[in-house]
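Visitor: As input, take final_26.cif (mmCIF, C-alpha atoms):
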data_work
#
loop_
_atom_site.label_atom_id
_atom_site.label_comp_id
_atom_site.auth_asym_id
_atom_site.auth_seq_id
_atom_site.Cartn_x
_atom_site.Cartn_y
_atom_site.Cartn_z
CA MET A 24 42.54 -49.17 -49.71
CA SER A 25 42.24 -52.04 -47.24
CA GLU A 26 39.94 -51.88 -44.23
CA ARG A 27 42.51 -53.42 -41.84
CA VAL A 28 46.26 -54.04 -42.14
CA ALA A 29 48.63 -55.89 -39.80
CA LEU A 30 52.38 -56.39 -39.38
CA VAL A 31 53.56 -59.62 -37.75
CA THR A 32 57.20 -60.21 -36.80
CA GLY A 33 58.61 -63.68 -36.23
CA ALA A 34 56.16 -64.76 -38.90
CA ALA A 35 57.93 -67.66 -40.59
CA ARG A 36 56.92 -70.39 -38.17
CA GLY A 37 55.34 -71.22 -34.84
CA ILE A 38 52.93 -68.81 -33.21
CA GLY A 39 53.85 -65.97 -35.58
CA ALA A 40 52.99 -68.04 -38.64
CA ALA A 41 49.71 -69.12 -37.06
CA VAL A 42 48.81 -65.49 -36.35
CA VAL A 43 49.51 -64.54 -39.98
CA SER A 44 47.31 -67.38 -41.20
CA ARG A 45 44.44 -66.53 -38.87
CA LEU A 46 44.52 -62.80 -39.63
CA ALA A 47 44.76 -63.37 -43.39
CA ASP A 48 41.93 -65.89 -43.34
CA ASP A 49 39.84 -63.29 -41.49
CA GLY A 50 40.37 -60.85 -44.36
CA VAL A 51 43.14 -58.73 -42.83
CA ASP A 52 45.99 -57.69 -45.13
CA VAL A 53 49.24 -58.80 -43.49
CA VAL A 54 52.93 -58.00 -43.77
CA ALA A 55 54.70 -61.16 -42.57
CA LEU A 56 58.23 -60.36 -41.41
CA ASP A 57 61.03 -62.64 -40.29
CA TRP A 58 64.81 -62.49 -40.27
CA CYS A 59 65.00 -65.95 -41.93
CA ALA A 60 68.47 -66.53 -40.51
CA GLY A 61 68.39 -70.22 -41.46
CA PRO A 62 69.74 -73.45 -39.98
CA ALA A 63 73.21 -72.04 -39.20
CA ALA A 64 71.87 -69.32 -36.90
CA THR A 65 72.49 -69.33 -33.19
CA PRO A 66 71.46 -70.42 -30.64
CA TYR A 67 69.51 -72.96 -32.74
CA ALA A 68 68.24 -73.35 -36.28
CA MET A 69 66.10 -70.45 -37.42
CA PRO A 70 63.52 -70.45 -40.25
CA THR A 71 64.40 -69.87 -43.88
CA ILE A 72 62.98 -67.67 -46.61
CA ASP A 73 61.18 -70.75 -47.92
CA ASP A 74 59.44 -71.11 -44.55
CA LEU A 75 58.29 -67.51 -44.73
CA GLU A 76 57.04 -67.84 -48.29
CA GLN A 77 55.12 -70.98 -47.35
CA VAL A 78 53.16 -68.96 -44.78
CA ALA A 79 52.05 -66.64 -47.59
CA HIS A 80 51.35 -69.40 -50.11
CA GLY A 81 47.82 -69.18 -51.44
CA ARG A 82 47.14 -65.96 -49.55
CA PRO A 83 47.33 -62.96 -51.90
CA ASN A 84 46.70 -60.63 -48.97
CA VAL A 85 50.01 -61.58 -47.31
CA LEU A 86 53.16 -59.64 -48.18
CA THR A 87 56.45 -61.18 -47.01
CA ARG A 88 59.50 -59.20 -45.95
CA VAL A 89 62.89 -60.36 -44.65
CA ALA A 90 64.16 -58.01 -41.95
CA ASP A 91 65.82 -58.13 -38.54
CA VAL A 92 63.91 -56.55 -35.65
CA ARG A 93 67.24 -55.35 -34.26
CA ASP A 94 67.44 -52.94 -37.21
CA PRO A 95 65.13 -49.91 -36.75
CA ALA A 96 65.74 -48.67 -40.30
CA ALA A 97 64.66 -52.02 -41.73
CA LEU A 98 61.47 -51.96 -39.68
CA ASN A 99 60.69 -48.41 -40.76
CA SER A 100 61.14 -49.50 -44.37
CA VAL A 101 58.71 -52.40 -43.92
CA VAL A 102 56.12 -50.06 -42.38
CA ASP A 103 56.58 -47.75 -45.38
CA ASP A 104 55.95 -50.74 -47.65
CA ALA A 105 52.67 -51.46 -45.86
CA LEU A 106 51.57 -47.85 -46.12
CA SER A 107 52.51 -47.64 -49.78
CA ARG A 108 50.58 -50.80 -50.62
CA TRP A 109 47.51 -50.47 -48.41
CA GLY A 110 47.49 -46.91 -47.09
CA ARG A 111 47.27 -47.76 -43.39
CA LEU A 112 48.52 -49.90 -40.52
CA ASP A 113 46.12 -51.00 -37.80
CA VAL A 114 47.74 -53.92 -36.01
CA ALA A 115 51.23 -55.01 -35.04
CA VAL A 116 52.13 -58.34 -33.45
CA ALA A 117 55.70 -58.38 -32.14
CA GLY A 118 56.49 -62.07 -32.10
CA ALA A 119 60.15 -62.28 -33.07
CA ALA A 120 62.12 -63.94 -30.26
CA VAL A 121 64.66 -66.59 -29.41
CA VAL A 122 65.19 -68.71 -26.31
CA SER A 123 68.60 -69.40 -24.85
CA GLY A 124 69.86 -70.66 -21.50
CA GLY A 125 70.77 -73.84 -19.69
CA SER A 126 73.15 -72.32 -17.13
CA PRO A 127 72.61 -70.48 -13.83
CA LEU A 128 72.71 -66.71 -14.01
CA TRP A 129 76.29 -66.39 -12.76
CA GLU A 130 77.55 -68.71 -15.48
CA THR A 131 75.53 -67.21 -18.34
CA ASP A 132 77.61 -65.98 -21.25
CA GLN A 133 77.45 -62.26 -21.97
CA GLY A 134 76.84 -62.94 -25.66
CA GLU A 135 73.77 -65.02 -24.81
CA LEU A 136 72.41 -62.22 -22.65
CA ASP A 137 73.03 -59.65 -25.38
CA LEU A 138 71.21 -61.79 -27.95
CA LEU A 139 68.16 -62.22 -25.73
CA TRP A 140 68.01 -58.53 -24.89
CA ASP A 141 68.55 -57.33 -28.44
CA ILE A 142 65.99 -59.60 -30.11
CA ASP A 143 63.40 -60.37 -27.45
CA VAL A 144 63.24 -56.91 -25.85
CA ARG A 145 64.84 -54.29 -28.06
CA GLY A 146 63.19 -55.94 -31.06
CA VAL A 147 59.77 -55.33 -29.50
CA TRP A 148 60.78 -51.75 -28.69
CA ASN A 149 61.97 -51.16 -32.26
CA THR A 150 58.74 -52.62 -33.64
CA ALA A 151 56.62 -50.36 -31.47
CA ALA A 152 58.69 -47.31 -32.37
CA ALA A 153 58.22 -48.07 -36.08
CA VAL A 154 54.49 -48.82 -36.07
CA ILE A 155 52.93 -46.44 -33.55
CA PRO A 156 53.52 -43.25 -35.59
CA ALA A 157 51.86 -44.91 -38.60
CA MET A 158 48.91 -45.92 -36.46
CA LEU A 159 48.56 -42.44 -34.96
CA SER A 160 48.54 -40.83 -38.39
CA GLY A 161 46.19 -43.41 -39.89
CA PRO A 162 42.45 -43.14 -40.54
CA ALA A 163 41.30 -44.99 -37.39
CA PRO A 164 43.82 -44.97 -34.53
CA GLN A 165 41.05 -45.80 -32.06
CA GLY A 166 40.93 -49.31 -33.51
CA CYS A 167 44.69 -49.89 -33.66
CA ARG A 168 46.31 -52.61 -31.58
CA PHE A 169 49.91 -53.41 -30.57
CA ILE A 170 50.42 -56.96 -29.29
CA ALA A 171 53.70 -58.27 -27.90
CA ILE A 172 54.16 -62.00 -27.47
CA ALA A 173 55.68 -62.43 -24.03
CA SER A 174 55.78 -65.80 -22.24
CA ALA A 175 54.80 -67.56 -19.06
CA ALA A 176 58.38 -66.62 -18.18
CA GLY A 177 57.14 -63.02 -18.07
CA SER A 178 55.35 -63.80 -14.80
CA HIS A 179 57.42 -66.64 -13.34
CA GLY A 180 61.07 -67.43 -12.75
CA LEU A 181 62.18 -70.38 -14.87
CA TYR A 182 65.06 -72.61 -13.81
CA ARG A 183 68.32 -71.89 -15.67
CA LEU A 184 66.56 -69.47 -17.99
CA ALA A 185 67.32 -66.29 -16.04
CA GLY A 186 68.20 -64.31 -19.16
CA TYR A 187 65.05 -65.36 -21.01
CA THR A 188 62.95 -64.77 -17.89
CA MET A 189 64.44 -61.27 -17.55
CA ALA A 190 63.73 -60.51 -21.20
CA LYS A 191 60.10 -61.59 -21.05
CA HIS A 192 59.51 -59.64 -17.83
CA ALA A 193 60.91 -56.65 -19.71
CA VAL A 194 58.46 -57.21 -22.57
CA VAL A 195 55.58 -57.06 -20.09
CA GLY A 196 56.98 -53.84 -18.63
CA LEU A 197 57.45 -52.38 -22.09
CA VAL A 198 53.82 -53.04 -22.97
CA ARG A 199 52.57 -51.48 -19.76
CA GLY A 200 54.69 -48.39 -20.34
CA LEU A 201 53.54 -48.17 -23.95
CA ALA A 202 49.89 -48.44 -22.92
CA ALA A 203 50.44 -45.52 -20.53
CA ASP A 204 52.03 -43.45 -23.31
CA LEU A 205 49.06 -44.19 -25.56
CA VAL A 206 46.42 -42.82 -23.20
CA GLY A 207 43.86 -40.83 -25.12
CA THR A 208 44.83 -42.13 -28.56
CA GLY A 209 42.52 -45.14 -28.70
CA ILE A 210 45.45 -47.45 -29.54
CA SER A 211 45.79 -50.34 -27.12
CA ALA A 212 48.87 -52.34 -26.14
CA VAL A 213 48.66 -55.87 -24.77
CA ALA A 214 51.12 -58.62 -23.83
CA VAL A 215 50.11 -62.22 -24.51
CA SER A 216 51.98 -64.80 -22.46
CA PRO A 217 51.82 -68.32 -23.93
CA GLY A 218 52.71 -71.41 -21.99
CA SER A 219 54.44 -74.45 -23.48
CA THR A 220 53.37 -74.41 -27.10
CA HIS A 221 54.21 -76.98 -29.76
CA THR A 222 56.91 -74.97 -31.57
CA GLN A 223 60.62 -75.16 -32.33
CA MET A 224 61.21 -72.91 -29.32
CA LEU A 225 59.60 -75.47 -27.00
CA ALA A 226 61.76 -78.23 -28.47
CA GLN A 227 64.83 -76.05 -27.86
CA THR A 228 63.74 -75.39 -24.28
CA ALA A 229 63.40 -79.12 -23.65
CA ALA A 230 66.88 -79.63 -25.14
CA LEU A 231 68.34 -76.98 -22.82
CA TYR A 232 66.91 -78.88 -19.86
CA GLY A 233 67.96 -82.26 -21.24
CA THR A 234 64.40 -83.47 -21.00
CA SER A 235 61.35 -84.03 -23.18
CA VAL A 236 58.48 -81.82 -24.22
CA ASP A 237 56.16 -84.28 -22.47
CA ASP A 238 57.94 -83.54 -19.19
CA LEU A 239 57.64 -79.77 -19.67
CA VAL A 240 53.90 -79.87 -20.24
CA THR A 241 53.24 -81.59 -16.91
CA ARG A 242 53.44 -78.03 -15.56
CA GLN A 243 50.29 -77.07 -17.46
CA LEU A 244 46.85 -78.04 -16.22
CA LEU A 245 45.98 -79.10 -19.75
CA ARG A 246 48.76 -81.72 -19.52
CA ARG A 247 49.61 -81.23 -23.18
CA PRO A 248 51.35 -78.63 -25.30
CA LEU A 249 49.22 -75.83 -26.60
CA THR A 250 49.07 -75.61 -30.37
CA ALA A 251 50.21 -72.52 -32.25
CA PRO A 252 46.70 -71.98 -33.70
CA GLU A 253 45.20 -72.08 -30.19
CA VAL A 254 47.53 -69.33 -29.00
CA ALA A 255 47.04 -67.43 -32.26
CA ALA A 256 43.28 -67.36 -31.68
CA THR A 257 43.85 -65.52 -28.41
CA ILE A 258 46.30 -63.10 -30.02
CA VAL A 259 43.91 -62.38 -32.88
CA HIS A 260 41.18 -61.48 -30.41
CA CYS A 261 43.59 -59.02 -28.80
CA CYS A 262 44.18 -57.57 -32.30
CA SER A 263 40.50 -56.96 -32.85
CA VAL A 264 38.59 -53.75 -32.29
CA ASP A 265 36.67 -55.64 -29.60
CA GLY A 266 39.95 -56.36 -27.79
CA ALA A 267 40.20 -52.83 -26.39
CA ALA A 268 39.28 -53.94 -22.86
CA LEU A 269 42.60 -55.79 -22.60
CA ASN A 270 44.64 -52.61 -22.94
CA GLY A 271 47.71 -52.51 -20.71
CA GLY A 272 47.17 -56.06 -19.55
CA VAL A 273 48.83 -59.45 -19.76
CA VAL A 274 46.73 -62.21 -21.27
CA HIS A 275 47.84 -65.58 -19.93
CA ALA A 276 47.32 -68.05 -22.77
CA ASP A 277 49.23 -70.73 -20.89
CA GLY A 278 46.91 -73.67 -20.33
CA GLY A 279 47.19 -73.25 -16.57
CA PHE A 280 50.98 -73.03 -16.30
CA SER A 281 52.72 -73.20 -12.93
CA PRO A 282 56.51 -73.13 -12.44
#
Show me the file's structure as structure tokens.
Guide:
Amino acid sequence: MSERVALVTGAARGIGAAVVSRLADDGVDVVALDWCAGPAATPYAMPTIDDLEQVAHGRPNVLTRVADVRDPAALNSVVDDALSRWGRLDVAVAGAAVVSGGSPLWETDQGELDLLWDIDVRGVWNTAAAVIPAMLSGPAPQGCRFIAIASAAGSHGLYRLAGYTMAKHAVVGLVRGLAADLVGTGISAVAVSPGSTHTQMLAQTAALYGTSVDDLVTRQLLRRPLTAPEVAATIVHCCSVDGAALNGGVVHADGGFSP
């Protein structure tokens, strides 16, 4: 039986992949989950199964699973897989998300809004609903951690990204509500809000604005994009037993972002 087991969604690339790598290198057994919708997915190209398998390459303590966070039954099945293999689940990082926008709120397509809500918000809800019972029934709930990857958009309004901004504010609210529900269990819930990070999502955001990544990062005091491993290091601290003090909070891993 493993000493510590984690589930990471949105694990095939970007921040999710970096979190999987960091946790696995620290000796945590990890279930790396992604929907692997591929290049034809909307609103922009999504990762493939090959991308997901590459994250696990050379790491025998990483188990890959293809599943959609919009599907509660699929998430429950993945949690069952983790329990069957390792006997416990201590950490969940809800990182699956998409960005979409480019129009003012009153011109935003309903389908775009539905996609953002279903993946970026309901997907976090579904993940929490699947993992928390396993944590509560596990051998050490007092050390269990639920981390949702929010965004700087969870604290600021972003131009022509009203739907995405709404979704990430909702993620922050979800985490705060979850932390309140978990009082007395020892399990903590935290939202981590990255700023502009060198990922496919940042490239898509720049494309929506018709600008460059270099222009976007002028809004960060660092004056450069964060790297996925930098943000992952913050998330992994939140996953740790020592991260309990962050319960119910929002950790701004944003390089000094201002809208």
Visitor: Compare A:Ala256, A:Thr220, A:Tyr232, A:Trp58 by their minimum atom-to-atom distance to Gly278 of chain A, counting all atoms listed in the file, and give me the closest one.
Guide: A:Thr220
Visitor: When you look at Gly186 of chain A with a cut-off of 8 Å (counting all atoms listed in the file), what residues show up, excluding the ones that are within fewer than 6 positions of it in the same chain? I need them as a list in words.
Guide: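 Contacts, with the query itself left out: Ser123, Gly124, Leu128, Thr131, Glu135, Leu136 and Leu139 of chain A.
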Visitor: Can you tell me which residues surround Gly218 of chain A at a distance of at most 8 Å, considering only C-alpha atoms, apart from same-chain residues fewer than 2 positions away, and format the answer as a PyMOL selection string?
Guide: chain A and resi 174-175+216+220+243+249+275-280
Visitor: Keeping only C-alpha atoms, take the residues you just selected and write them out as a compact mmCIF listing (two decimals), in the frame of the given file.
Guide:
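Writing the result to again_29.txt gives the following:
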# COMPACT_ATOMS: atom_id res chain seq x y z
CA SER A 174 55.78 -65.80 -22.24
CA ALA A 175 54.80 -67.56 -19.06
CA SER A 216 51.98 -64.80 -22.46
CA THR A 220 53.37 -74.41 -27.10
CA GLN A 243 50.29 -77.07 -17.46
CA LEU A 249 49.22 -75.83 -26.60
CA HIS A 275 47.84 -65.58 -19.93
CA ALA A 276 47.32 -68.05 -22.77
CA ASP A 277 49.23 -70.73 -20.89
CA GLY A 278 46.91 -73.67 -20.33
CA GLY A 279 47.19 -73.25 -16.57
CA PHE A 280 50.98 -73.03 -16.30
Visitor: Give me the result of the PyMOL selection byres ((chain A and resi 198) around 7) on this file, residue by residue, as a ChimeraX atom specification.
Guide: /A:194-197,199-202,212-214,271
Visitor: To verify the selection step, state as a VMD selection string which residues the PyMOL selection byres ((chain A and resi 54) around 10) yields on this input.
Guide: chain A and resid 28 to 32 34 43 47 51 to 53 55 to 57 79 84 to 88 101 to 102 104 to 105 112 115
Visitor: Between A:Ile155, A:Val114, A:Ala119, A:Ile72, which has the minimum distance to Gly266 of chain A (counting only C-alpha atoms)?
Guide: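 Among A:Ile155, A:Val114, A:Ala119, A:Ile72, it is A:Val114 that comes nearest to Gly266 of chain A.
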Visitor: Quick one: pull the distance between atom CA of Gly118 of chain A and atom CA of Thr65 of chain A, Å, one decimal.
Guide: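 Interatomic distance, atom CA of Gly118 of chain A to atom CA of Thr65 of chain A: 17.6 Å.
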Visitor: Select, counting all atoms listed in the file, all protein, DNA and RNA residues no farther than 8 Å from (54.9, -61.2, -29.5) in file coordinates, and express the selection as a count of residues only.
Guide: 14
